[in-house]
file upload-v6.cif (mmCIF, N, CA and C atoms)
data_structure
loop_
_atom_site.label_atom_id
_atom_site.label_comp_id
_atom_site.auth_asym_id
_atom_site.auth_seq_id
_atom_site.Cartn_x
_atom_site.Cartn_y
_atom_site.Cartn_z
N MET Z 1 -17.13 -24.00 -22.14
CA MET Z 1 -15.74 -23.99 -21.74
C MET Z 1 -14.87 -23.34 -22.81
N LYS Z 2 -15.20 -23.59 -24.09
CA LYS Z 2 -14.41 -23.00 -25.17
C LYS Z 2 -14.47 -21.48 -25.10
N ALA Z 3 -15.64 -20.91 -24.81
CA ALA Z 3 -15.77 -19.45 -24.71
C ALA Z 3 -14.87 -18.91 -23.61
N GLN Z 4 -14.80 -19.61 -22.49
CA GLN Z 4 -13.96 -19.18 -21.38
C GLN Z 4 -12.48 -19.19 -21.78
N VAL Z 5 -12.05 -20.22 -22.46
CA VAL Z 5 -10.66 -20.31 -22.94
C VAL Z 5 -10.39 -19.20 -23.94
N ASP Z 6 -11.32 -18.98 -24.87
CA ASP Z 6 -11.16 -17.91 -25.85
C ASP Z 6 -11.10 -16.55 -25.16
N GLY Z 7 -11.93 -16.35 -24.14
CA GLY Z 7 -11.91 -15.10 -23.38
C GLY Z 7 -10.57 -14.87 -22.71
N GLN Z 8 -9.98 -15.92 -22.14
CA GLN Z 8 -8.67 -15.78 -21.51
C GLN Z 8 -7.59 -15.47 -22.53
N ARG Z 9 -7.71 -16.03 -23.73
CA ARG Z 9 -6.75 -15.71 -24.79
C ARG Z 9 -6.81 -14.22 -25.14
N VAL Z 10 -8.02 -13.69 -25.23
CA VAL Z 10 -8.19 -12.26 -25.51
C VAL Z 10 -7.57 -11.45 -24.38
N ARG Z 11 -7.87 -11.83 -23.16
CA ARG Z 11 -7.34 -11.10 -21.99
C ARG Z 11 -5.81 -11.10 -21.99
N PHE Z 12 -5.19 -12.23 -22.23
CA PHE Z 12 -3.73 -12.31 -22.27
C PHE Z 12 -3.16 -11.46 -23.41
N ALA Z 13 -3.87 -11.39 -24.53
CA ALA Z 13 -3.41 -10.60 -25.68
C ALA Z 13 -3.40 -9.11 -25.36
N LEU Z 14 -4.22 -8.67 -24.41
CA LEU Z 14 -4.28 -7.26 -24.04
C LEU Z 14 -3.10 -6.85 -23.15
N LYS Z 15 -2.49 -7.82 -22.50
CA LYS Z 15 -1.40 -7.54 -21.56
C LYS Z 15 -0.26 -6.80 -22.26
N GLY Z 16 0.19 -5.74 -21.63
CA GLY Z 16 1.33 -4.99 -22.15
C GLY Z 16 0.98 -3.92 -23.17
N LEU Z 17 -0.27 -3.90 -23.65
CA LEU Z 17 -0.67 -2.85 -24.57
C LEU Z 17 -0.90 -1.55 -23.80
N PRO Z 18 -0.66 -0.40 -24.42
CA PRO Z 18 -0.89 0.87 -23.72
C PRO Z 18 -2.35 1.02 -23.33
N PHE Z 19 -2.58 1.49 -22.11
CA PHE Z 19 -3.93 1.65 -21.57
C PHE Z 19 -4.33 3.12 -21.63
N ARG Z 20 -5.58 3.35 -21.99
CA ARG Z 20 -6.13 4.70 -21.88
C ARG Z 20 -7.59 4.61 -21.49
N LEU Z 21 -8.06 5.65 -20.81
CA LEU Z 21 -9.44 5.72 -20.35
C LEU Z 21 -10.02 7.01 -20.91
N GLU Z 22 -11.16 6.91 -21.59
CA GLU Z 22 -11.77 8.08 -22.21
C GLU Z 22 -13.17 8.31 -21.67
N PRO Z 23 -13.46 9.53 -21.21
CA PRO Z 23 -14.82 9.84 -20.75
C PRO Z 23 -15.77 9.97 -21.93
N THR Z 24 -17.03 9.66 -21.69
CA THR Z 24 -18.07 9.88 -22.70
C THR Z 24 -19.04 10.93 -22.13
N ALA Z 25 -19.99 11.35 -22.92
CA ALA Z 25 -21.01 12.29 -22.46
C ALA Z 25 -22.16 11.57 -21.77
N GLU Z 26 -22.18 10.26 -21.84
CA GLU Z 26 -23.29 9.47 -21.30
C GLU Z 26 -23.25 9.41 -19.77
N THR Z 27 -24.41 9.61 -19.16
CA THR Z 27 -24.52 9.53 -17.70
C THR Z 27 -25.77 8.72 -17.33
N LYS Z 28 -25.75 8.17 -16.12
CA LYS Z 28 -26.93 7.53 -15.55
C LYS Z 28 -26.77 7.53 -14.04
N THR Z 29 -27.86 7.34 -13.34
CA THR Z 29 -27.85 7.34 -11.88
C THR Z 29 -27.75 5.92 -11.36
N LEU Z 30 -26.76 5.69 -10.49
CA LEU Z 30 -26.59 4.40 -9.82
C LEU Z 30 -26.46 4.65 -8.33
N LEU Z 31 -27.26 3.96 -7.54
CA LEU Z 31 -27.22 4.07 -6.08
C LEU Z 31 -27.33 5.52 -5.63
N GLY Z 32 -28.11 6.31 -6.36
CA GLY Z 32 -28.33 7.71 -6.01
C GLY Z 32 -27.23 8.66 -6.44
N HIS Z 33 -26.25 8.18 -7.18
CA HIS Z 33 -25.13 9.01 -7.63
C HIS Z 33 -25.15 9.13 -9.15
N SER Z 34 -24.93 10.34 -9.65
CA SER Z 34 -24.80 10.54 -11.08
C SER Z 34 -23.45 9.97 -11.51
N CYS Z 35 -23.49 9.08 -12.48
CA CYS Z 35 -22.26 8.41 -12.94
C CYS Z 35 -22.01 8.72 -14.40
N ARG Z 36 -20.74 8.93 -14.72
CA ARG Z 36 -20.31 9.16 -16.11
C ARG Z 36 -19.73 7.85 -16.65
N LYS Z 37 -20.03 7.58 -17.91
CA LYS Z 37 -19.51 6.40 -18.58
C LYS Z 37 -18.12 6.70 -19.13
N TYR Z 38 -17.18 5.80 -18.86
CA TYR Z 38 -15.82 5.85 -19.40
C TYR Z 38 -15.58 4.57 -20.20
N LEU Z 39 -14.78 4.70 -21.23
CA LEU Z 39 -14.38 3.54 -22.01
C LEU Z 39 -12.89 3.31 -21.84
N GLY Z 40 -12.52 2.06 -21.56
CA GLY Z 40 -11.12 1.70 -21.38
C GLY Z 40 -10.61 0.94 -22.59
N TYR Z 41 -9.38 1.28 -23.00
CA TYR Z 41 -8.77 0.68 -24.17
C TYR Z 41 -7.41 0.10 -23.81
N ALA Z 42 -7.10 -1.05 -24.39
CA ALA Z 42 -5.75 -1.60 -24.39
C ALA Z 42 -5.34 -1.57 -25.84
N GLY Z 43 -4.36 -0.72 -26.17
CA GLY Z 43 -4.06 -0.47 -27.57
C GLY Z 43 -5.28 0.17 -28.19
N ASP Z 44 -5.76 -0.36 -29.30
CA ASP Z 44 -6.96 0.17 -29.96
C ASP Z 44 -8.23 -0.58 -29.59
N ARG Z 45 -8.10 -1.59 -28.75
CA ARG Z 45 -9.25 -2.44 -28.43
C ARG Z 45 -10.00 -1.92 -27.20
N ASN Z 46 -11.29 -1.61 -27.40
CA ASN Z 46 -12.14 -1.23 -26.27
C ASN Z 46 -12.58 -2.50 -25.57
N TYR Z 47 -12.13 -2.67 -24.32
CA TYR Z 47 -12.50 -3.87 -23.58
C TYR Z 47 -13.21 -3.56 -22.27
N LEU Z 48 -13.37 -2.26 -21.96
CA LEU Z 48 -13.90 -1.88 -20.65
C LEU Z 48 -14.91 -0.76 -20.80
N GLU Z 49 -16.04 -0.92 -20.11
CA GLU Z 49 -17.03 0.14 -19.94
C GLU Z 49 -17.20 0.30 -18.43
N VAL Z 50 -16.95 1.49 -17.92
CA VAL Z 50 -17.03 1.69 -16.47
C VAL Z 50 -17.85 2.95 -16.18
N TRP Z 51 -18.72 2.84 -15.18
CA TRP Z 51 -19.57 3.95 -14.75
C TRP Z 51 -19.03 4.48 -13.43
N VAL Z 52 -18.66 5.76 -13.42
CA VAL Z 52 -17.93 6.35 -12.30
C VAL Z 52 -18.77 7.45 -11.63
N ALA Z 53 -18.92 7.32 -10.31
CA ALA Z 53 -19.55 8.37 -9.51
C ALA Z 53 -18.47 9.41 -9.21
N GLU Z 54 -18.46 10.48 -9.99
CA GLU Z 54 -17.40 11.47 -9.86
C GLU Z 54 -17.57 12.33 -8.61
N ASP Z 55 -18.77 12.30 -7.99
CA ASP Z 55 -18.97 13.06 -6.76
C ASP Z 55 -18.38 12.35 -5.54
N LEU Z 56 -18.08 11.07 -5.68
CA LEU Z 56 -17.44 10.32 -4.60
C LEU Z 56 -15.93 10.34 -4.83
N LYS Z 57 -15.20 10.90 -3.90
CA LYS Z 57 -13.74 11.02 -4.05
C LYS Z 57 -13.07 10.05 -3.07
N PRO Z 58 -12.39 9.04 -3.60
CA PRO Z 58 -11.71 8.09 -2.71
C PRO Z 58 -10.52 8.75 -2.02
N GLY Z 59 -10.24 8.27 -0.82
CA GLY Z 59 -9.11 8.78 -0.05
C GLY Z 59 -7.81 8.13 -0.47
N PRO Z 60 -6.73 8.50 0.20
CA PRO Z 60 -5.41 7.97 -0.16
C PRO Z 60 -5.29 6.46 0.02
N GLU Z 61 -6.04 5.88 0.95
CA GLU Z 61 -5.98 4.43 1.15
C GLU Z 61 -6.47 3.70 -0.10
N PHE Z 62 -7.55 4.20 -0.69
CA PHE Z 62 -8.07 3.57 -1.90
C PHE Z 62 -7.07 3.72 -3.04
N LYS Z 63 -6.44 4.88 -3.14
CA LYS Z 63 -5.45 5.10 -4.20
C LYS Z 63 -4.30 4.10 -4.08
N GLU Z 64 -3.83 3.86 -2.86
CA GLU Z 64 -2.76 2.88 -2.64
C GLU Z 64 -3.22 1.47 -2.99
N TYR Z 65 -4.44 1.15 -2.59
CA TYR Z 65 -5.03 -0.15 -2.93
C TYR Z 65 -5.11 -0.31 -4.45
N ALA Z 66 -5.57 0.74 -5.15
CA ALA Z 66 -5.70 0.69 -6.61
C ALA Z 66 -4.35 0.45 -7.27
N LYS Z 67 -3.31 1.12 -6.80
CA LYS Z 67 -1.97 0.92 -7.37
C LYS Z 67 -1.50 -0.52 -7.18
N ALA Z 68 -1.73 -1.05 -5.98
CA ALA Z 68 -1.31 -2.43 -5.70
C ALA Z 68 -2.08 -3.42 -6.57
N MET Z 69 -3.37 -3.21 -6.71
CA MET Z 69 -4.19 -4.11 -7.53
C MET Z 69 -3.79 -4.02 -9.00
N ALA Z 70 -3.45 -2.82 -9.47
CA ALA Z 70 -3.03 -2.66 -10.87
C ALA Z 70 -1.73 -3.40 -11.14
N LYS Z 71 -0.87 -3.51 -10.13
CA LYS Z 71 0.36 -4.29 -10.31
C LYS Z 71 0.06 -5.78 -10.37
N LEU Z 72 -0.88 -6.23 -9.56
CA LEU Z 72 -1.22 -7.65 -9.53
C LEU Z 72 -1.98 -8.10 -10.77
N ASP Z 73 -2.90 -7.27 -11.25
CA ASP Z 73 -3.73 -7.64 -12.40
C ASP Z 73 -4.02 -6.40 -13.24
N PRO Z 74 -3.03 -5.97 -14.06
CA PRO Z 74 -3.18 -4.71 -14.78
C PRO Z 74 -4.39 -4.66 -15.71
N ILE Z 75 -4.73 -5.74 -16.37
CA ILE Z 75 -5.84 -5.71 -17.33
C ILE Z 75 -7.16 -5.42 -16.62
N ARG Z 76 -7.37 -5.99 -15.45
CA ARG Z 76 -8.64 -5.80 -14.74
C ARG Z 76 -8.64 -4.59 -13.82
N CYS Z 77 -7.49 -4.12 -13.37
CA CYS Z 77 -7.49 -3.12 -12.29
C CYS Z 77 -6.82 -1.79 -12.62
N GLN Z 78 -6.17 -1.68 -13.77
CA GLN Z 78 -5.46 -0.44 -14.08
C GLN Z 78 -6.40 0.77 -14.09
N TYR Z 79 -7.64 0.57 -14.50
CA TYR Z 79 -8.58 1.68 -14.57
C TYR Z 79 -8.82 2.32 -13.20
N LEU Z 80 -8.67 1.55 -12.13
CA LEU Z 80 -8.90 2.08 -10.78
C LEU Z 80 -7.98 3.26 -10.47
N THR Z 81 -6.79 3.27 -11.06
CA THR Z 81 -5.84 4.36 -10.81
C THR Z 81 -6.14 5.57 -11.67
N ALA Z 82 -7.01 5.44 -12.67
CA ALA Z 82 -7.24 6.51 -13.64
C ALA Z 82 -8.59 7.22 -13.50
N VAL Z 83 -9.55 6.61 -12.83
CA VAL Z 83 -10.89 7.21 -12.76
C VAL Z 83 -10.93 8.35 -11.74
N PRO Z 84 -11.69 9.42 -12.05
CA PRO Z 84 -11.79 10.56 -11.14
C PRO Z 84 -12.98 10.43 -10.17
N GLY Z 85 -13.04 9.35 -9.47
CA GLY Z 85 -14.15 9.09 -8.56
C GLY Z 85 -14.18 7.62 -8.21
N VAL Z 86 -15.37 7.13 -7.87
CA VAL Z 86 -15.52 5.73 -7.48
C VAL Z 86 -16.30 4.98 -8.56
N PRO Z 87 -15.71 3.92 -9.10
CA PRO Z 87 -16.43 3.12 -10.10
C PRO Z 87 -17.52 2.29 -9.42
N LEU Z 88 -18.76 2.42 -9.92
CA LEU Z 88 -19.87 1.67 -9.34
C LEU Z 88 -20.29 0.49 -10.21
N LEU Z 89 -19.93 0.52 -11.49
CA LEU Z 89 -20.31 -0.57 -12.39
C LEU Z 89 -19.26 -0.66 -13.49
N ALA Z 90 -18.79 -1.87 -13.76
CA ALA Z 90 -17.79 -2.07 -14.82
C ALA Z 90 -18.12 -3.34 -15.60
N TYR Z 91 -18.00 -3.23 -16.91
CA TYR Z 91 -18.16 -4.37 -17.82
C TYR Z 91 -16.82 -4.59 -18.52
N PHE Z 92 -16.31 -5.79 -18.42
CA PHE Z 92 -15.07 -6.17 -19.10
C PHE Z 92 -15.45 -7.10 -20.25
N HIS Z 93 -14.99 -6.78 -21.45
CA HIS Z 93 -15.31 -7.56 -22.64
C HIS Z 93 -14.05 -8.25 -23.13
N TYR Z 94 -14.00 -9.55 -22.97
CA TYR Z 94 -12.87 -10.36 -23.43
C TYR Z 94 -13.38 -11.32 -24.49
N GLY Z 95 -13.54 -10.83 -25.70
CA GLY Z 95 -14.07 -11.69 -26.76
C GLY Z 95 -15.46 -12.19 -26.37
N PRO Z 96 -15.66 -13.51 -26.32
CA PRO Z 96 -16.98 -14.06 -26.03
C PRO Z 96 -17.36 -14.00 -24.54
N VAL Z 97 -16.45 -13.54 -23.70
CA VAL Z 97 -16.70 -13.52 -22.25
C VAL Z 97 -16.88 -12.09 -21.78
N GLU Z 98 -17.93 -11.86 -20.99
CA GLU Z 98 -18.14 -10.56 -20.35
C GLU Z 98 -18.15 -10.76 -18.84
N THR Z 99 -17.38 -9.94 -18.14
CA THR Z 99 -17.34 -9.97 -16.69
C THR Z 99 -17.93 -8.66 -16.18
N ILE Z 100 -18.74 -8.73 -15.14
CA ILE Z 100 -19.38 -7.54 -14.59
C ILE Z 100 -18.96 -7.38 -13.13
N GLN Z 101 -18.54 -6.16 -12.78
CA GLN Z 101 -18.28 -5.81 -11.38
C GLN Z 101 -19.28 -4.72 -11.01
N GLU Z 102 -20.07 -4.96 -9.97
CA GLU Z 102 -21.12 -4.02 -9.59
C GLU Z 102 -21.09 -3.76 -8.09
N VAL Z 103 -21.05 -2.49 -7.73
CA VAL Z 103 -21.15 -2.10 -6.32
C VAL Z 103 -22.63 -2.15 -5.95
N LYS Z 104 -22.95 -2.80 -4.84
CA LYS Z 104 -24.34 -2.97 -4.42
C LYS Z 104 -24.80 -1.93 -3.41
N SER Z 105 -23.87 -1.30 -2.68
CA SER Z 105 -24.23 -0.23 -1.74
C SER Z 105 -23.02 0.66 -1.51
N VAL Z 106 -23.31 1.90 -1.13
CA VAL Z 106 -22.27 2.87 -0.85
C VAL Z 106 -22.55 3.51 0.50
N SER Z 107 -21.54 3.56 1.34
CA SER Z 107 -21.66 4.30 2.59
C SER Z 107 -20.35 5.05 2.81
N ILE Z 108 -20.46 6.23 3.35
CA ILE Z 108 -19.29 7.06 3.60
C ILE Z 108 -18.92 6.90 5.07
N ALA Z 109 -17.76 6.30 5.31
CA ALA Z 109 -17.29 6.08 6.68
C ALA Z 109 -15.80 5.81 6.64
N PRO Z 110 -15.09 6.20 7.65
CA PRO Z 110 -13.65 5.89 7.67
C PRO Z 110 -13.43 4.38 7.83
N LEU Z 111 -12.41 3.88 7.16
CA LEU Z 111 -12.03 2.48 7.27
C LEU Z 111 -10.58 2.39 7.71
N PRO Z 112 -10.24 1.41 8.49
CA PRO Z 112 -8.84 1.26 8.88
C PRO Z 112 -7.99 0.86 7.67
N LEU Z 113 -6.75 1.29 7.67
CA LEU Z 113 -5.83 1.01 6.58
C LEU Z 113 -5.75 -0.49 6.30
N GLU Z 114 -5.87 -1.32 7.30
CA GLU Z 114 -5.76 -2.77 7.14
C GLU Z 114 -6.79 -3.32 6.14
N GLU Z 115 -7.90 -2.61 5.96
CA GLU Z 115 -8.93 -3.06 5.01
C GLU Z 115 -8.41 -3.03 3.57
N PHE Z 116 -7.36 -2.24 3.32
CA PHE Z 116 -6.86 -2.05 1.96
C PHE Z 116 -5.56 -2.80 1.69
N LEU Z 117 -5.01 -3.45 2.68
CA LEU Z 117 -3.74 -4.16 2.50
C LEU Z 117 -3.98 -5.50 1.83
N LEU Z 118 -3.09 -5.84 0.91
CA LEU Z 118 -3.17 -7.14 0.26
C LEU Z 118 -2.59 -8.21 1.17
N PRO Z 119 -3.06 -9.43 1.07
CA PRO Z 119 -2.46 -10.51 1.86
C PRO Z 119 -0.98 -10.65 1.52
N SER Z 120 -0.19 -11.06 2.46
CA SER Z 120 1.26 -11.18 2.24
C SER Z 120 1.60 -12.21 1.17
N ASP Z 121 0.70 -13.17 0.91
CA ASP Z 121 0.97 -14.19 -0.09
C ASP Z 121 0.30 -13.89 -1.44
N ALA Z 122 -0.17 -12.66 -1.65
CA ALA Z 122 -0.83 -12.29 -2.91
C ALA Z 122 0.14 -12.42 -4.07
N GLN Z 123 -0.33 -12.96 -5.19
CA GLN Z 123 0.49 -13.16 -6.38
C GLN Z 123 -0.18 -12.48 -7.57
N PRO Z 124 0.59 -12.02 -8.55
CA PRO Z 124 -0.01 -11.43 -9.74
C PRO Z 124 -0.91 -12.44 -10.46
N ALA Z 125 -2.01 -11.94 -11.00
CA ALA Z 125 -2.93 -12.80 -11.76
C ALA Z 125 -2.33 -13.17 -13.10
N LEU Z 126 -1.55 -12.25 -13.68
CA LEU Z 126 -0.89 -12.48 -14.96
C LEU Z 126 0.59 -12.23 -14.77
N PRO Z 127 1.46 -13.03 -15.36
CA PRO Z 127 2.89 -12.73 -15.26
C PRO Z 127 3.15 -11.33 -15.81
N SER Z 128 3.95 -10.57 -15.07
CA SER Z 128 4.21 -9.19 -15.47
C SER Z 128 5.58 -8.76 -15.02
N ALA Z 129 6.29 -8.08 -15.89
CA ALA Z 129 7.61 -7.57 -15.52
C ALA Z 129 7.49 -6.49 -14.46
N GLU Z 130 6.33 -5.80 -14.40
CA GLU Z 130 6.15 -4.75 -13.42
C GLU Z 130 5.76 -5.29 -12.04
N ALA Z 131 5.27 -6.51 -11.98
CA ALA Z 131 4.80 -7.06 -10.72
C ALA Z 131 5.98 -7.34 -9.79
N PRO Z 132 5.72 -7.26 -8.47
CA PRO Z 132 6.80 -7.53 -7.52
C PRO Z 132 7.32 -8.94 -7.60
#
call {"tool": "encode", "arguments": {"input": "upload-v6.cif", "output": "structure tokens"}}
result
Amino acid sequence: MKAQVDGQRVRFALKGLPFRLEPTAETKTLLGHSCRKYLGYAGDRNYLEVWVAEDLKPGPEFKEYAKAMAKLDPIRCQYLTAVPGVPLLAYFHYGPVETIQEVKSVSIAPLPLEEFLLPSDAQPALPSAEAP
């Protein structure tokens, strides 16, 4: 439990720091797609490693979804607005806590806009001046 509390303290400390995403030369294949490794920083702290399938280009619905999610939870979702493709694997490092987001399958098909809309009662995960 202490590690979880310490991890949340690290996460809250990252809030409001300038975000940047830097590509690396490292690549690997995930779900049949060549993915490039990107590192995400809040201030000078590297807290994110994300593997992006640059051959998969999200449509405008995903871009709108990414912007909305970045407003609700900037520390976890801001990278979605910056990657040049679809993230298939992400590691978040918050001190002693590591969170992993992994896509298990990819299929190319149109989706209705409703799939990307946030619930009307959605609230920001972290208090933010930018949040609605």
call {"tool": "closest_residue", "arguments": {"input": "upload-v6.cif", "among": "Z:Glu61, Z:Ile100, Z:Pro74, Z:Leu56", "to": "Z:Leu14", "atoms": "all atoms listed in the file"}}
result
Z:Pro74
call {"tool": "resolve_selection", "arguments": {"input": "upload-v6.cif", "expression": "the PyMOL selection byres ((chain Z and resi 26) around 8)", "output": "PyMOL selection string"}}
result
chain Z and resi 23-25+27-28+35-38
call {"tool": "atom_distance", "arguments": {"input": "upload-v6.cif", "atom1": "atom CA of Z:Lys57", "atom2": "atom C of Z:Pro119"}}
result
25.8 Å
call {"tool": "atom_distance", "arguments": {"input": "upload-v6.cif", "atom1": "atom C of Z:Ala122", "atom2": "atom N of Z:Gln8"}}
result
21.0 Å
call {"tool": "residues_around", "arguments": {"input": "upload-v6.cif", "residues": "Z:Glu54", "least_positions_apart": "6", "cutoff": "8 Å", "atoms": "all atoms listed in the file", "output": "JSON, numbers by chain"}}
result
{"Z": [33, 34, 35, 36, 83, 84, 85, 86, 87]}
call {"tool": "atom_distance", "arguments": {"input": "upload-v6.cif", "atom1": "atom CA of Z:Glu64", "atom2": "atom CA of Z:Leu118"}}
result
10.4 Å
call {"tool": "residues_near_point", "arguments": {"input": "upload-v6.cif", "point": "(-11.3, 6.7, -19.5)", "cutoff": "8 Å", "atoms": "only C-alpha atoms", "output": "number ranges by chain"}}
result
Z: 20-23, 38-40, 79, 82-83
call {"tool": "closest_residue", "arguments": {"input": "upload-v6.cif", "among": "Z:Gly16, Z:Leu88, Z:Gly95, Z:Glu115", "to": "Z:Trp51", "atoms": "only N, CA and C atoms"}}
result
Z:Leu88
call {"tool": "axis_aligned_box", "arguments": {"input": "upload-v6.cif", "around": "stretch 59-71 of chain Z", "padding_each_side": "6 Å", "output": "JSON"}}
result
{"center_x": -4.9, "center_y": 1.5, "center_z": -5.0, "size_x": 22.6, "size_y": 26.6, "size_z": 24.3}
call {"tool": "select_by_dssp", "arguments": {"input": "upload-v6.cif", "residues": "chain Z", "states": "alpha helix (DSSP H)", "output": "NGL selection string"}}
result
:Z and (2-14 or 60-72 or 74-77)
call {"tool": "write_last_selection", "arguments": {"input": "upload-v6.cif", "atoms": "N, CA and C atoms", "output": "short mmCIF file (atom, residue, chain, number, x, y, z; two decimals), in the coordinates of the input"}}
result
data_model
loop_
_atom_site.label_atom_id
_atom_site.label_comp_id
_atom_site.auth_asym_id
_atom_site.auth_seq_id
_atom_site.Cartn_x
_atom_site.Cartn_y
_atom_site.Cartn_z
N LYS Z 2 -15.20 -23.59 -24.09
CA LYS Z 2 -14.41 -23.00 -25.17
C LYS Z 2 -14.47 -21.48 -25.10
N ALA Z 3 -15.64 -20.91 -24.81
CA ALA Z 3 -15.77 -19.45 -24.71
C ALA Z 3 -14.87 -18.91 -23.61
N GLN Z 4 -14.80 -19.61 -22.49
CA GLN Z 4 -13.96 -19.18 -21.38
C GLN Z 4 -12.48 -19.19 -21.78
N VAL Z 5 -12.05 -20.22 -22.46
CA VAL Z 5 -10.66 -20.31 -22.94
C VAL Z 5 -10.39 -19.20 -23.94
N ASP Z 6 -11.32 -18.98 -24.87
CA ASP Z 6 -11.16 -17.91 -25.85
C ASP Z 6 -11.10 -16.55 -25.16
N GLY Z 7 -11.93 -16.35 -24.14
CA GLY Z 7 -11.91 -15.10 -23.38
C GLY Z 7 -10.57 -14.87 -22.71
N GLN Z 8 -9.98 -15.92 -22.14
CA GLN Z 8 -8.67 -15.78 -21.51
C GLN Z 8 -7.59 -15.47 -22.53
N ARG Z 9 -7.71 -16.03 -23.73
CA ARG Z 9 -6.75 -15.71 -24.79
C ARG Z 9 -6.81 -14.22 -25.14
N VAL Z 10 -8.02 -13.69 -25.23
CA VAL Z 10 -8.19 -12.26 -25.51
C VAL Z 10 -7.57 -11.45 -24.38
N ARG Z 11 -7.87 -11.83 -23.16
CA ARG Z 11 -7.34 -11.10 -21.99
C ARG Z 11 -5.81 -11.10 -21.99
N PHE Z 12 -5.19 -12.23 -22.23
CA PHE Z 12 -3.73 -12.31 -22.27
C PHE Z 12 -3.16 -11.46 -23.41
N ALA Z 13 -3.87 -11.39 -24.53
CA ALA Z 13 -3.41 -10.60 -25.68
C ALA Z 13 -3.40 -9.11 -25.36
N LEU Z 14 -4.22 -8.67 -24.41
CA LEU Z 14 -4.28 -7.26 -24.04
C LEU Z 14 -3.10 -6.85 -23.15
N PRO Z 60 -6.73 8.50 0.20
CA PRO Z 60 -5.41 7.97 -0.16
C PRO Z 60 -5.29 6.46 0.02
N GLU Z 61 -6.04 5.88 0.95
CA GLU Z 61 -5.98 4.43 1.15
C GLU Z 61 -6.47 3.70 -0.10
N PHE Z 62 -7.55 4.20 -0.69
CA PHE Z 62 -8.07 3.57 -1.90
C PHE Z 62 -7.07 3.72 -3.04
N LYS Z 63 -6.44 4.88 -3.14
CA LYS Z 63 -5.45 5.10 -4.20
C LYS Z 63 -4.30 4.10 -4.08
N GLU Z 64 -3.83 3.86 -2.86
CA GLU Z 64 -2.76 2.88 -2.64
C GLU Z 64 -3.22 1.47 -2.99
N TYR Z 65 -4.44 1.15 -2.59
CA TYR Z 65 -5.03 -0.15 -2.93
C TYR Z 65 -5.11 -0.31 -4.45
N ALA Z 66 -5.57 0.74 -5.15
CA ALA Z 66 -5.70 0.69 -6.61
C ALA Z 66 -4.35 0.45 -7.27
N LYS Z 67 -3.31 1.12 -6.80
CA LYS Z 67 -1.97 0.92 -7.37
C LYS Z 67 -1.50 -0.52 -7.18
N ALA Z 68 -1.73 -1.05 -5.98
CA ALA Z 68 -1.31 -2.43 -5.70
C ALA Z 68 -2.08 -3.42 -6.57
N MET Z 69 -3.37 -3.21 -6.71
CA MET Z 69 -4.19 -4.11 -7.53
C MET Z 69 -3.79 -4.02 -9.00
N ALA Z 70 -3.45 -2.82 -9.47
CA ALA Z 70 -3.03 -2.66 -10.87
C ALA Z 70 -1.73 -3.40 -11.14
N LYS Z 71 -0.87 -3.51 -10.13
CA LYS Z 71 0.36 -4.29 -10.31
C LYS Z 71 0.06 -5.78 -10.37
N LEU Z 72 -0.88 -6.23 -9.56
CA LEU Z 72 -1.22 -7.65 -9.53
C LEU Z 72 -1.98 -8.10 -10.77
N PRO Z 74 -3.03 -5.97 -14.06
CA PRO Z 74 -3.18 -4.71 -14.78
C PRO Z 74 -4.39 -4.66 -15.71
N ILE Z 75 -4.73 -5.74 -16.37
CA ILE Z 75 -5.84 -5.71 -17.33
C ILE Z 75 -7.16 -5.42 -16.62
N ARG Z 76 -7.37 -5.99 -15.45
CA ARG Z 76 -8.64 -5.80 -14.74
C ARG Z 76 -8.64 -4.59 -13.82
N CYS Z 77 -7.49 -4.12 -13.37
CA CYS Z 77 -7.49 -3.12 -12.29
C CYS Z 77 -6.82 -1.79 -12.62
#
call {"tool": "select_by_dssp", "arguments": {"input": "upload-v6.cif", "residues": "chain Z", "states": "strand (DSSP E or B)", "output": "count of residues only"}}
result
46
call {"tool": "resolve_selection", "arguments": {"input": "upload-v6.cif", "expression": "the PyMOL selection byres ((chain Z and resi 92) around 8)", "output": "MDAnalysis selection string"}}
result
chainID Z and resid 46:50 76 89:91 93:95 97:101
